[in-house]
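Engineer: Hey, dropping work-v3.csv in here, CSV, C-alpha atoms:
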chain,number,residue,atom,x,y,z
C,1,MET,CA,227.1,139.1,256.1
C,2,ASN,CA,223.4,139.3,256.6
C,3,ARG,CA,221.1,136.3,256.2
C,4,ARG,CA,219.6,137.5,252.8
C,5,ALA,CA,223.1,138.0,251.3
C,6,PHE,CA,224.2,134.6,252.6
C,7,ILE,CA,221.2,132.9,251.1
C,8,GLY,CA,221.8,134.8,247.8
C,9,ARG,CA,225.4,133.5,247.6
C,10,CYS,CA,224.3,130.0,248.3
C,11,MET,CA,221.7,130.1,245.6
C,12,ALA,CA,224.3,131.5,243.1
C,13,ALA,CA,226.7,128.8,244.0
C,14,TRP,CA,224.0,126.1,243.5
C,15,ALA,CA,223.1,127.6,240.1
C,16,THR,CA,226.7,127.4,239.1
C,17,LEU,CA,226.9,123.7,240.1
C,18,GLN,CA,223.9,122.9,238.1
C,19,LEU,CA,225.7,124.1,235.0
C,20,LEU,CA,228.7,121.8,235.5
C,21,PRO,CA,227.4,118.7,233.5
C,22,GLN,CA,227.0,120.9,230.4
C,23,ASN,CA,230.1,123.0,230.8
C,24,LEU,CA,232.4,120.4,232.2
C,25,PHE,CA,236.1,121.3,231.6
C,26,ALA,CA,235.2,124.5,229.8
C,27,GLY,CA,237.7,127.2,230.5
C,28,ILE,CA,239.8,125.1,233.0
C,29,THR,CA,242.7,125.0,230.5
C,30,ASN,CA,243.4,128.7,231.2
C,31,ALA,CA,244.6,127.9,234.7
C,32,GLY,CA,248.2,127.1,235.3
C,33,SER,CA,250.7,126.2,232.6
C,34,ASN,CA,250.0,123.7,229.8
C,35,PHE,CA,253.6,123.4,228.9
C,36,LYS,CA,254.8,122.7,232.5
C,37,ARG,CA,252.0,120.4,233.4
C,38,ILE,CA,252.8,118.1,230.5
C,39,TYR,CA,256.6,118.5,230.2
C,40,SER,CA,257.1,118.0,234.0
C,41,SER,CA,255.7,114.5,233.8
C,42,ASN,CA,257.9,111.9,232.0
C,43,GLU,CA,254.7,109.9,231.1
C,44,LEU,CA,252.8,112.8,229.7
C,45,LYS,CA,255.8,114.2,228.0
C,46,SER,CA,256.4,110.9,226.2
C,47,GLU,CA,252.7,110.7,225.3
C,48,PHE,CA,252.7,114.3,223.9
C,49,PHE,CA,255.7,113.4,221.7
C,50,LYS,CA,253.3,111.2,219.7
C,51,PHE,CA,251.6,114.5,218.6
C,52,PHE,CA,254.8,115.5,216.8
C,53,LYS,CA,255.4,112.0,215.4
C,54,ASN,CA,251.9,111.3,214.1
C,55,VAL,CA,249.9,114.5,213.7
C,56,PHE,CA,251.9,117.7,213.7
C,57,ASN,CA,254.7,116.9,211.3
C,58,LEU,CA,255.8,120.4,210.3
C,59,PHE,CA,259.2,120.2,212.0
C,60,PRO,CA,261.7,117.4,212.9
C,61,GLU,CA,259.9,115.8,215.8
C,62,GLU,CA,262.9,115.1,218.1
C,63,GLU,CA,264.2,118.7,217.7
C,64,ILE,CA,261.0,120.6,218.4
C,65,HIS,CA,260.3,118.2,221.3
C,66,LYS,CA,263.7,119.0,222.9
C,67,MET,CA,263.4,122.7,222.2
C,68,ILE,CA,260.1,122.8,224.0
C,69,SER,CA,261.4,120.7,226.9
C,70,ASP,CA,264.5,123.0,227.3
C,71,ALA,CA,262.4,126.2,227.2
C,72,THR,CA,259.9,124.7,229.7
C,73,THR,CA,262.7,124.1,232.2
C,74,LYS,CA,264.2,127.5,231.8
C,75,LYS,CA,261.2,129.8,231.4
C,76,PRO,CA,258.6,130.7,234.0
C,77,ASP,CA,255.3,130.7,232.2
C,78,ASP,CA,253.6,129.6,229.0
C,79,LYS,CA,253.9,133.0,227.3
C,80,SER,CA,257.7,133.1,227.6
C,81,ILE,CA,258.0,129.4,226.6
C,82,TYR,CA,255.8,130.0,223.6
C,83,LEU,CA,257.7,133.1,222.4
C,84,THR,CA,261.1,131.6,223.0
C,85,VAL,CA,260.4,128.4,221.1
C,86,GLN,CA,258.6,130.3,218.3
C,87,SER,CA,261.6,132.6,217.9
C,88,LYS,CA,263.9,129.6,217.4
C,89,LEU,CA,261.8,127.5,215.0
C,90,GLY,CA,263.9,128.8,212.1
C,91,ASP,CA,266.9,127.1,213.5
C,92,ILE,CA,265.3,123.6,213.1
C,93,THR,CA,263.5,124.3,209.8
C,94,PRO,CA,265.3,122.5,207.1
C,95,MET,CA,265.6,123.6,203.5
C,96,PHE,CA,262.5,122.9,201.4
C,97,SER,CA,260.6,122.1,204.6
C,98,SER,CA,257.3,122.7,202.8
C,99,PHE,CA,258.0,119.8,200.5
C,100,ARG,CA,259.7,117.6,203.1
C,101,TYR,CA,257.3,118.2,206.0
C,102,ALA,CA,254.2,120.4,205.4
C,103,LEU,CA,252.9,118.9,202.2
C,104,PRO,CA,253.4,115.3,203.2
C,105,ALA,CA,251.8,116.1,206.6
C,106,LEU,CA,248.8,117.7,204.8
C,107,ASN,CA,248.4,114.8,202.4
C,108,LYS,CA,248.6,112.3,205.3
C,109,GLN,CA,245.9,114.0,207.2
C,110,LYS,CA,243.7,114.3,204.1
C,111,ASP,CA,244.2,110.6,203.4
C,112,GLU,CA,243.4,109.7,207.0
C,113,MET,CA,240.2,111.8,207.2
C,114,ALA,CA,238.9,110.6,203.9
C,115,ARG,CA,239.5,107.0,204.8
C,116,GLU,CA,237.8,107.4,208.2
C,117,THR,CA,234.9,109.3,206.6
C,118,LEU,CA,234.3,106.6,204.0
C,119,ASP,CA,234.5,104.0,206.7
C,120,LEU,CA,231.6,105.7,208.4
C,121,LEU,CA,229.6,106.6,205.3
C,122,GLY,CA,230.4,103.6,203.1
C,123,LYS,CA,231.6,103.9,199.6
C,124,GLU,CA,229.7,104.4,196.3
C,125,GLY,CA,226.9,106.5,197.9
C,126,THR,CA,225.4,109.6,196.4
C,127,TYR,CA,224.9,112.9,198.3
C,128,ASN,CA,223.0,115.8,197.0
C,129,GLY,CA,224.3,119.1,198.6
C,130,TYR,CA,227.5,119.5,200.6
C,131,LEU,CA,228.8,121.8,203.3
C,132,GLU,CA,232.3,121.8,204.6
C,133,ILE,CA,232.8,123.8,207.8
C,134,GLY,CA,236.2,124.9,208.9
C,135,SER,CA,238.1,124.5,205.7
C,136,SER,CA,237.7,125.3,202.0
C,137,GLY,CA,237.4,122.1,200.1
C,138,ARG,CA,240.4,120.3,201.8
C,139,TYR,CA,238.5,117.0,201.9
C,140,LEU,CA,236.0,117.3,199.1
C,141,ASP,CA,238.3,116.1,196.3
C,142,TYR,CA,239.3,113.0,198.4
C,143,LEU,CA,235.7,112.1,199.2
C,144,GLU,CA,234.7,112.4,195.5
C,145,GLU,CA,237.1,109.6,194.6
C,146,GLU,CA,234.7,107.1,196.3
C,147,VAL,CA,231.3,108.8,196.6
C,148,ASP,CA,229.2,110.9,194.3
C,149,ILE,CA,228.6,114.5,195.6
C,150,GLU,CA,226.1,116.3,193.5
C,151,GLY,CA,224.2,119.6,193.7
C,152,LYS,CA,225.2,122.8,195.5
C,153,ARG,CA,228.4,122.9,197.5
C,154,TYR,CA,229.4,125.3,200.2
C,155,TYR,CA,232.6,126.1,202.2
C,156,ALA,CA,232.3,127.9,205.6
C,157,ASP,CA,235.7,129.1,206.8
C,158,GLY,CA,237.4,132.1,208.4
C,159,LYS,CA,239.0,133.1,205.2
C,160,GLU,CA,237.5,133.3,201.7
C,161,PRO,CA,239.2,130.8,199.4
C,162,GLY,CA,241.5,132.2,196.7
C,163,TYR,CA,244.0,131.1,194.1
C,164,GLY,CA,247.2,131.1,196.0
C,165,VAL,CA,249.5,128.1,195.5
C,166,THR,CA,249.0,126.9,199.0
C,167,GLU,CA,245.3,127.3,198.8
C,168,MET,CA,245.1,125.3,195.5
C,169,ILE,CA,247.3,122.6,197.0
C,170,ASP,CA,245.1,122.5,200.1
C,171,ARG,CA,241.9,121.9,198.2
C,172,GLY,CA,243.6,119.6,195.6
C,173,GLN,CA,242.5,121.5,192.6
C,174,VAL,CA,242.6,125.0,190.9
C,175,ALA,CA,238.9,125.7,190.9
C,176,ILE,CA,237.2,126.8,194.1
C,177,GLY,CA,234.1,124.9,193.1
C,178,ALA,CA,231.8,126.1,195.9
C,179,THR,CA,230.0,129.0,197.4
C,180,TYR,CA,231.9,130.6,200.3
C,181,ILE,CA,230.2,131.4,203.6
C,182,PRO,CA,232.1,133.3,206.4
C,183,LEU,CA,232.4,131.3,209.6
C,184,ALA,CA,232.0,134.5,211.5
C,185,ASN,CA,233.0,133.2,214.9
C,186,TYR,CA,230.2,130.6,214.9
C,187,GLN,CA,227.5,133.2,214.6
C,188,THR,CA,226.6,132.3,211.0
C,189,LYS,CA,223.0,131.2,210.6
C,190,TYR,CA,223.4,128.6,207.8
C,191,ALA,CA,219.7,128.0,207.4
C,192,GLU,CA,219.3,131.6,206.4
C,193,ILE,CA,221.9,131.3,203.7
C,194,ILE,CA,221.4,127.7,202.5
C,195,PRO,CA,217.9,126.6,201.6
C,196,LYS,CA,216.4,124.5,204.4
C,197,GLU,CA,216.6,120.7,204.1
C,198,SER,CA,218.7,121.0,200.9
C,199,LEU,CA,221.9,119.2,201.9
C,200,ASP,CA,222.7,115.5,202.3
C,201,LEU,CA,226.2,115.9,203.8
C,202,VAL,CA,227.9,118.3,206.2
C,203,THR,CA,231.5,117.8,207.4
C,204,ILE,CA,233.1,119.5,210.4
C,205,TYR,CA,236.6,118.3,211.0
C,206,ILE,CA,237.5,121.2,213.3
C,207,GLY,CA,235.0,120.1,215.9
C,208,PHE,CA,232.8,122.3,218.1
C,209,HIS,CA,235.3,123.1,220.9
C,210,HIS,CA,236.1,126.6,219.5
C,211,CYS,CA,232.5,127.6,219.5
C,212,PRO,CA,231.4,129.9,222.4
C,213,LEU,CA,229.2,128.1,224.8
C,214,GLU,CA,226.2,130.4,224.3
C,215,LEU,CA,226.4,129.9,220.5
C,216,ARG,CA,226.8,126.1,220.5
C,217,GLU,CA,223.1,125.2,220.4
C,218,PRO,CA,222.0,127.8,217.8
C,219,PHE,CA,225.1,126.9,215.7
C,220,ILE,CA,224.4,123.2,215.6
C,221,SER,CA,220.6,123.8,215.2
C,222,SER,CA,221.3,126.0,212.1
C,223,ILE,CA,223.4,123.2,210.6
C,224,ARG,CA,220.6,120.7,211.3
C,225,ASP,CA,218.1,122.9,209.5
C,226,THR,CA,220.1,122.8,206.3
C,227,LEU,CA,220.1,119.0,206.2
C,228,ARG,CA,217.3,116.8,204.8
C,229,VAL,CA,215.9,114.2,207.1
C,230,GLY,CA,218.4,111.3,206.8
C,231,GLY,CA,221.2,113.7,206.0
C,232,LYS,CA,224.6,113.0,207.4
C,233,LEU,CA,226.8,115.1,209.7
C,234,ILE,CA,230.5,114.1,210.0
C,235,LEU,CA,232.0,115.5,213.2
C,236,ARG,CA,235.6,115.3,214.5
C,237,ASP,CA,236.3,116.3,218.1
C,238,HIS,CA,238.5,115.5,221.0
C,239,ASP,CA,237.5,113.3,223.9
C,240,CYS,CA,238.6,115.3,226.9
C,241,ASP,CA,237.2,113.0,229.6
C,242,THR,CA,239.8,113.9,232.2
C,243,GLU,CA,241.6,117.2,233.2
C,244,GLU,CA,244.9,115.6,232.3
C,245,GLN,CA,243.6,114.8,228.8
C,246,MET,CA,242.2,118.3,228.5
C,247,THR,CA,245.6,119.8,229.3
C,248,LEU,CA,247.3,117.7,226.7
C,249,VAL,CA,244.8,118.8,224.1
C,250,ALA,CA,245.2,122.4,225.1
C,251,LEU,CA,248.9,122.1,224.7
C,252,ALA,CA,248.5,120.6,221.3
C,253,HIS,CA,246.5,123.8,220.3
C,254,ASP,CA,249.3,126.0,221.8
C,255,VAL,CA,251.9,124.1,219.8
C,256,PHE,CA,249.9,124.2,216.6
C,257,ASN,CA,249.4,128.0,216.9
C,258,MET,CA,253.1,128.5,217.8
C,259,GLY,CA,254.3,126.4,214.9
C,260,THR,CA,252.0,128.1,212.4
C,261,ASN,CA,253.3,131.5,213.5
C,262,GLU,CA,250.2,132.8,215.4
C,263,SER,CA,250.9,135.5,217.9
C,264,TRP,CA,250.7,134.8,221.7
C,265,GLU,CA,247.8,137.2,221.9
C,266,TYR,CA,245.9,135.1,219.3
C,267,ASN,CA,246.7,131.9,221.1
C,268,SER,CA,245.9,133.1,224.6
C,269,SER,CA,242.5,134.5,223.5
C,270,GLU,CA,241.4,131.5,221.5
C,271,THR,CA,238.1,130.0,222.6
C,272,ARG,CA,238.5,126.5,223.9
C,273,ASN,CA,235.6,124.7,225.4
C,274,PHE,CA,236.7,121.1,225.7
C,275,TYR,CA,234.4,118.3,226.8
C,276,SER,CA,234.0,114.5,226.8
C,277,LEU,CA,232.6,112.8,223.7
C,278,ALA,CA,229.9,111.4,225.9
C,279,PHE,CA,228.7,115.0,226.6
C,280,ILE,CA,228.9,116.3,223.0
C,281,CYS,CA,227.3,113.3,221.5
C,282,GLY,CA,224.4,113.6,223.9
C,283,PHE,CA,224.2,117.3,223.2
C,284,VAL,CA,224.0,116.9,219.4
C,285,GLU,CA,221.4,114.1,219.7
C,286,LYS,CA,219.1,116.4,221.7
C,287,ILE,CA,219.2,118.9,218.9
C,288,GLY,CA,217.8,116.4,216.4
C,289,PHE,CA,220.4,113.8,215.4
C,290,ARG,CA,221.0,110.1,216.0
C,291,PHE,CA,224.6,109.2,216.8
C,292,ASP,CA,226.0,106.2,214.9
C,293,LYS,CA,227.9,105.0,218.0
C,294,ARG,CA,231.2,104.5,216.2
C,295,THR,CA,234.2,106.6,217.1
C,296,LEU,CA,237.2,106.4,214.8
C,297,PHE,CA,240.6,107.6,216.2
C,298,GLN,CA,243.7,108.3,214.2
C,299,GLU,CA,246.4,105.8,215.2
C,300,GLY,CA,249.1,107.4,217.4
C,301,ASP,CA,247.1,110.6,218.1
C,302,PRO,CA,247.4,111.4,221.8
C,303,THR,CA,244.7,114.2,221.6
C,304,LYS,CA,242.0,111.5,221.1
C,305,ASN,CA,240.5,113.2,218.1
C,306,ALA,CA,237.5,111.1,217.1
C,307,LEU,CA,235.6,111.0,213.9
C,308,MET,CA,231.9,110.4,214.3
C,309,LEU,CA,228.7,110.1,212.2
C,310,PHE,CA,225.3,111.6,213.0
C,311,THR,CA,222.1,111.3,211.1
C,312,LYS,CA,219.3,113.9,211.1
C,313,ILE,CA,216.1,112.5,212.4
Do you think you could lay out the structure here as structure tokens?
Structural biologist:
Amino acid sequence: MNRRAFIGRCMAAWATLQLLPQNLFAGITNAGSNFKRIYSSNELKSEFFKFFKNVFNLFPEEEIHKMISDATTKKPDDKSIYLTVQSKLGDITPMFSSFRYALPALNKQKDEMARETLDLLGKEGTYNGYLEIGSSGRYLDYLEEEVDIEGKRYYADGKEPGYGVTEMIDRGQVAIGATYIPLANYQTKYAEIIPKESLDLVTIYIGFHHCPLELREPFISSIRDTLRVGGKLILRDHDCDTEEQMTLVALAHDVFNMGTNESWEYNSSETRNFYSLAFICGFVEKIGFRFDKRTLFQEGDPTKNALMLFTKI
């Protein structure tokens, strides 16, 4: 290798290192096996069981936990583990599982998110203009029990809301009650659709970790531009402050997709840019928000999914 080529490689390596504080942990979850890294450790395996017990309540927790453990022992990689367990989920799905598991789990999560949100916002406030990103009114009806939400309402999601039974149950009412905006893989420019500085409240319970890195700043900036000064942003995201925690959160995503019948191709191509809360809070503040400094965690959630409040400045 000549001197010029050597210097070029050194400079490229240095440039990569300079990006590490911003992109810390991004993409590392694709290396190795999420299932084997968690289920080969008794401590991490026990910790992950809390995900079934307290968060992902779609199946009997002991049975799905054992099924994954057995498949992880017998199968060589995540794809074969994922497909093996997915093919057998019908064996542990009890009669009327939607009523015994899915609906109670949904209502539990809605109750929890509404309670935490109101802890941050306070009760009996009034908000003129509302945008819910990542769901179609799932939390709006719960919030309206304690605060007044007036003016224009918007839902930004990957699927347009309709009148299916599950959709009406999900949003807690028959009426859609809002203008739909396609999420469009985080490329949506909200400030070009919603009048600038016209909203008081934006909620993002799905976090920013599925957003491609190059879109993260324009995506958050566009949300900022729809808010009035003093407007509130409610954000929920994981605190992946160690590689071990990042792997646990990645496995939770694998299991969620597996249990909701997503294909392995969908799961393996899903964008996952995990990071610490310290990083994302600092990132959002630089875009024009003030962090409230409180982080509310759901009891028993091993994925460390924190609800936070930001105010536009």
Engineer: Using only C-alpha atoms and a cutoff of 10 Å, can you tell me which residues are near (239.6, 122.9, 212.9) in the file's coordinates, and write them out as a list of chain:residue names?
Structural biologist: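 Neighbouring residues, ordered by chain and number, come to C:Ile133, C:Gly134, C:Ser135, C:Asp157, C:Ile204, C:Tyr205, C:Ile206, C:Gly207, C:Phe208, C:His209, C:His210, C:Arg236, C:Asp237.
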Engineer: Can you tell me which residues surround Gly122 of chain C at a distance of at most 12 Å, considering all atoms listed in the file, apart from same-chain residues fewer than 2 positions away, and format the answer as a VMD selection string?
Structural biologist: chain C and resid 114 to 120 124 to 127 143 146 to 148 232 309
Engineer: Quick one: residues within 8 Å of segment 151-153 of chain C, only C-alpha atoms, excluding same-chain residues fewer than 5 positions away - as a PDB file with C-alpha atoms, keeping the file's coordinate frame?
Structural biologist:
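Written output follows (out.pdb):
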ATOM      1  CA  ASN C 128     223.000 115.800 197.000  1.00  0.00           C
ATOM      2  CA  GLY C 129     224.300 119.100 198.600  1.00  0.00           C
ATOM      3  CA  TYR C 130     227.500 119.500 200.600  1.00  0.00           C
ATOM      4  CA  LEU C 131     228.800 121.800 203.300  1.00  0.00           C
ATOM      5  CA  GLY C 177     234.100 124.900 193.100  1.00  0.00           C
ATOM      6  CA  ALA C 178     231.800 126.100 195.900  1.00  0.00           C
ATOM      7  CA  THR C 179     230.000 129.000 197.400  1.00  0.00           C
TER       8      THR C 179
END
Engineer: Which neighbours of Ile81 of chain C fall inside 10 Å, counting all atoms listed in the file, when residues of the same chain fewer than 3 positions from it are skipped, and could you give them as a ChimeraX atom specification?
Structural biologist: /C:33,35-36,67-78,84-87
Engineer: Using all atoms listed in the file, can you list as a PDB file with C-alpha atoms, keeping the file's coordinate frame the residues within 12 Å of (223.3, 104.9, 216.6)?
Structural biologist:
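result-v7.pdb, written as the output of this step:
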ATOM      1  CA  LEU C 120     231.600 105.700 208.400  1.00  0.00           C
ATOM      2  CA  CYS C 281     227.300 113.300 221.500  1.00  0.00           C
ATOM      3  CA  GLY C 282     224.400 113.600 223.900  1.00  0.00           C
ATOM      4  CA  GLU C 285     221.400 114.100 219.700  1.00  0.00           C
ATOM      5  CA  PHE C 289     220.400 113.800 215.400  1.00  0.00           C
ATOM      6  CA  ARG C 290     221.000 110.100 216.000  1.00  0.00           C
ATOM      7  CA  PHE C 291     224.600 109.200 216.800  1.00  0.00           C
ATOM      8  CA  ASP C 292     226.000 106.200 214.900  1.00  0.00           C
ATOM      9  CA  LYS C 293     227.900 105.000 218.000  1.00  0.00           C
ATOM     10  CA  ARG C 294     231.200 104.500 216.200  1.00  0.00           C
ATOM     11  CA  THR C 295     234.200 106.600 217.100  1.00  0.00           C
ATOM     12  CA  MET C 308     231.900 110.400 214.300  1.00  0.00           C
ATOM     13  CA  LEU C 309     228.700 110.100 212.200  1.00  0.00           C
ATOM     14  CA  PHE C 310     225.300 111.600 213.000  1.00  0.00           C
ATOM     15  CA  THR C 311     222.100 111.300 211.100  1.00  0.00           C
ATOM     16  CA  LYS C 312     219.300 113.900 211.100  1.00  0.00           C
ATOM     17  CA  ILE C 313     216.100 112.500 212.400  1.00  0.00           C
TER      18      ILE C 313
END
Engineer: In Å, rounded to a single decimal, give me how far atom CA of Leu235 of chain C is from atom CA of Tyr180 of chain C.
Structural biologist: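 According to the coordinates, atom CA of Tyr180 of chain C and atom CA of Leu235 of chain C are separated by 19.9 Å.
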Engineer: Give the answer as one residue: which of C:Phe219, C:Thr260, C:Pro161, C:Leu140 has the shortest atom-to-atom distance to Leu201 of chain C, using only C-alpha atoms?
Structural biologist: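 Using only C-alpha atoms, the shortest distance to Leu201 of chain C belongs to C:Leu140.
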Engineer: With a distance cut-off of 9 Å and all atoms listed in the file, select the neighbouring residues of Ile223 of chain C, excluding the residue or stretch itself and same-chain residues fewer than 5 positions from it, and output the selection as a list of chain:residue names.
Structural biologist: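 Returned residues: C:Lys189, C:Tyr190, C:Ala191, C:Val202, C:Pro218, C:Leu233.
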Engineer: If we count only C-alpha atoms, what is near Asn257 of chain C at a cut-off of 9 Å, once residues fewer than 6 positions away on the same chain are taken out, given as an MDAnalysis selection string?
Structural biologist: chainID C and resid 263:264 266:267
Engineer: Can you work out the spacing between atom CA of Tyr142 of chain C and atom CA of Leu307 of chain C in Å, to one decimal?
Structural biologist: 16.1 Å
Engineer: Can you take segment 107-132 of chain C from the block and write N, CA and C atoms as a PDB file, in the first residue's frame?
Structural biologist:
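Result file follows (decode-v2.pdb):
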ATOM      1  N   ASN C 107     -55.753  -2.548  26.394  1.00  0.00           N
ATOM      2  CA  ASN C 107     -56.324  -1.607  27.362  1.00  0.00           C
ATOM      3  C   ASN C 107     -55.336  -1.272  28.482  1.00  0.00           C
ATOM      4  N   LYS C 108     -54.550  -2.267  28.876  1.00  0.00           N
ATOM      5  CA  LYS C 108     -53.545  -2.031  29.908  1.00  0.00           C
ATOM      6  C   LYS C 108     -52.512  -1.011  29.434  1.00  0.00           C
ATOM      7  N   GLN C 109     -52.062  -1.177  28.173  1.00  0.00           N
ATOM      8  CA  GLN C 109     -51.067  -0.252  27.644  1.00  0.00           C
ATOM      9  C   GLN C 109     -51.634   1.147  27.460  1.00  0.00           C
ATOM     10  N   LYS C 110     -52.883   1.219  27.006  1.00  0.00           N
ATOM     11  CA  LYS C 110     -53.512   2.532  26.841  1.00  0.00           C
ATOM     12  C   LYS C 110     -53.666   3.226  28.193  1.00  0.00           C
ATOM     13  N   ASP C 111     -54.095   2.478  29.193  1.00  0.00           N
ATOM     14  CA  ASP C 111     -54.215   3.039  30.549  1.00  0.00           C
ATOM     15  C   ASP C 111     -52.868   3.546  31.048  1.00  0.00           C
ATOM     16  N   GLU C 112     -51.827   2.723  30.841  1.00  0.00           N
ATOM     17  CA  GLU C 112     -50.501   3.072  31.325  1.00  0.00           C
ATOM     18  C   GLU C 112     -49.965   4.321  30.635  1.00  0.00           C
ATOM     19  N   MET C 113     -50.083   4.375  29.311  1.00  0.00           N
ATOM     20  CA  MET C 113     -49.571   5.528  28.566  1.00  0.00           C
ATOM     21  C   MET C 113     -50.343   6.806  28.906  1.00  0.00           C
ATOM     22  N   ALA C 114     -51.655   6.684  29.046  1.00  0.00           N
ATOM     23  CA  ALA C 114     -52.457   7.861  29.403  1.00  0.00           C
ATOM     24  C   ALA C 114     -52.080   8.361  30.796  1.00  0.00           C
ATOM     25  N   ARG C 115     -51.910   7.442  31.739  1.00  0.00           N
ATOM     26  CA  ARG C 115     -51.548   7.842  33.107  1.00  0.00           C
ATOM     27  C   ARG C 115     -50.195   8.538  33.130  1.00  0.00           C
ATOM     28  N   GLU C 116     -49.207   7.950  32.435  1.00  0.00           N
ATOM     29  CA  GLU C 116     -47.878   8.552  32.419  1.00  0.00           C
ATOM     30  C   GLU C 116     -47.899   9.916  31.714  1.00  0.00           C
ATOM     31  N   THR C 117     -48.647   9.989  30.612  1.00  0.00           N
ATOM     32  CA  THR C 117     -48.730  11.252  29.868  1.00  0.00           C
ATOM     33  C   THR C 117     -49.321  12.352  30.735  1.00  0.00           C
ATOM     34  N   LEU C 118     -50.382  12.017  31.461  1.00  0.00           N
ATOM     35  CA  LEU C 118     -51.018  13.008  32.324  1.00  0.00           C
ATOM     36  C   LEU C 118     -50.136  13.373  33.513  1.00  0.00           C
ATOM     37  N   ASP C 119     -49.304  12.418  33.959  1.00  0.00           N
ATOM     38  CA  ASP C 119     -48.335  12.745  35.006  1.00  0.00           C
ATOM     39  C   ASP C 119     -47.367  13.827  34.522  1.00  0.00           C
ATOM     40  N   LEU C 120     -47.014  13.763  33.234  1.00  0.00           N
ATOM     41  CA  LEU C 120     -46.081  14.744  32.673  1.00  0.00           C
ATOM     42  C   LEU C 120     -46.767  16.069  32.346  1.00  0.00           C
ATOM     43  N   LEU C 121     -47.949  15.973  31.735  1.00  0.00           N
ATOM     44  CA  LEU C 121     -48.643  17.190  31.291  1.00  0.00           C
ATOM     45  C   LEU C 121     -49.398  17.877  32.418  1.00  0.00           C
ATOM     46  N   GLY C 122     -49.888  17.075  33.370  1.00  0.00           N
ATOM     47  CA  GLY C 122     -50.821  17.598  34.364  1.00  0.00           C
ATOM     48  C   GLY C 122     -52.238  17.477  33.839  1.00  0.00           C
ATOM     49  N   LYS C 123     -53.196  17.422  34.738  1.00  0.00           N
ATOM     50  CA  LYS C 123     -54.596  17.274  34.351  1.00  0.00           C
ATOM     51  C   LYS C 123     -55.259  18.644  34.174  1.00  0.00           C
ATOM     52  N   GLU C 124     -56.382  18.600  33.458  1.00  0.00           N
ATOM     53  CA  GLU C 124     -57.265  19.762  33.295  1.00  0.00           C
ATOM     54  C   GLU C 124     -56.644  20.874  32.453  1.00  0.00           C
ATOM     55  N   GLY C 125     -55.664  20.551  31.643  1.00  0.00           N
ATOM     56  CA  GLY C 125     -55.120  21.542  30.724  1.00  0.00           C
ATOM     57  C   GLY C 125     -55.943  21.601  29.449  1.00  0.00           C
ATOM     58  N   THR C 126     -55.650  22.572  28.586  1.00  0.00           N
ATOM     59  CA  THR C 126     -56.318  22.721  27.294  1.00  0.00           C
ATOM     60  C   THR C 126     -55.253  22.801  26.204  1.00  0.00           C
ATOM     61  N   TYR C 127     -55.438  22.001  25.151  1.00  0.00           N
ATOM     62  CA  TYR C 127     -54.488  21.945  24.045  1.00  0.00           C
ATOM     63  C   TYR C 127     -55.238  22.140  22.737  1.00  0.00           C
ATOM     64  N   ASN C 128     -54.788  23.103  21.988  1.00  0.00           N
ATOM     65  CA  ASN C 128     -55.432  23.449  20.726  1.00  0.00           C
ATOM     66  C   ASN C 128     -54.585  22.897  19.578  1.00  0.00           C
ATOM     67  N   GLY C 129     -55.055  21.803  18.967  1.00  0.00           N
ATOM     68  CA  GLY C 129     -54.321  21.158  17.892  1.00  0.00           C
ATOM     69  C   GLY C 129     -53.541  19.967  18.401  1.00  0.00           C
ATOM     70  N   TYR C 130     -53.740  18.784  17.753  1.00  0.00           N
ATOM     71  CA  TYR C 130     -53.168  17.528  18.250  1.00  0.00           C
ATOM     72  C   TYR C 130     -52.688  16.686  17.081  1.00  0.00           C
ATOM     73  N   LEU C 131     -51.493  16.123  17.211  1.00  0.00           N
ATOM     74  CA  LEU C 131     -50.947  15.185  16.235  1.00  0.00           C
ATOM     75  C   LEU C 131     -50.458  13.953  16.968  1.00  0.00           C
ATOM     76  N   GLU C 132     -50.954  12.775  16.543  1.00  0.00           N
ATOM     77  CA  GLU C 132     -50.507  11.500  17.107  1.00  0.00           C
ATOM     78  C   GLU C 132     -49.750  10.748  16.020  1.00  0.00           C
TER      79      GLU C 132
END
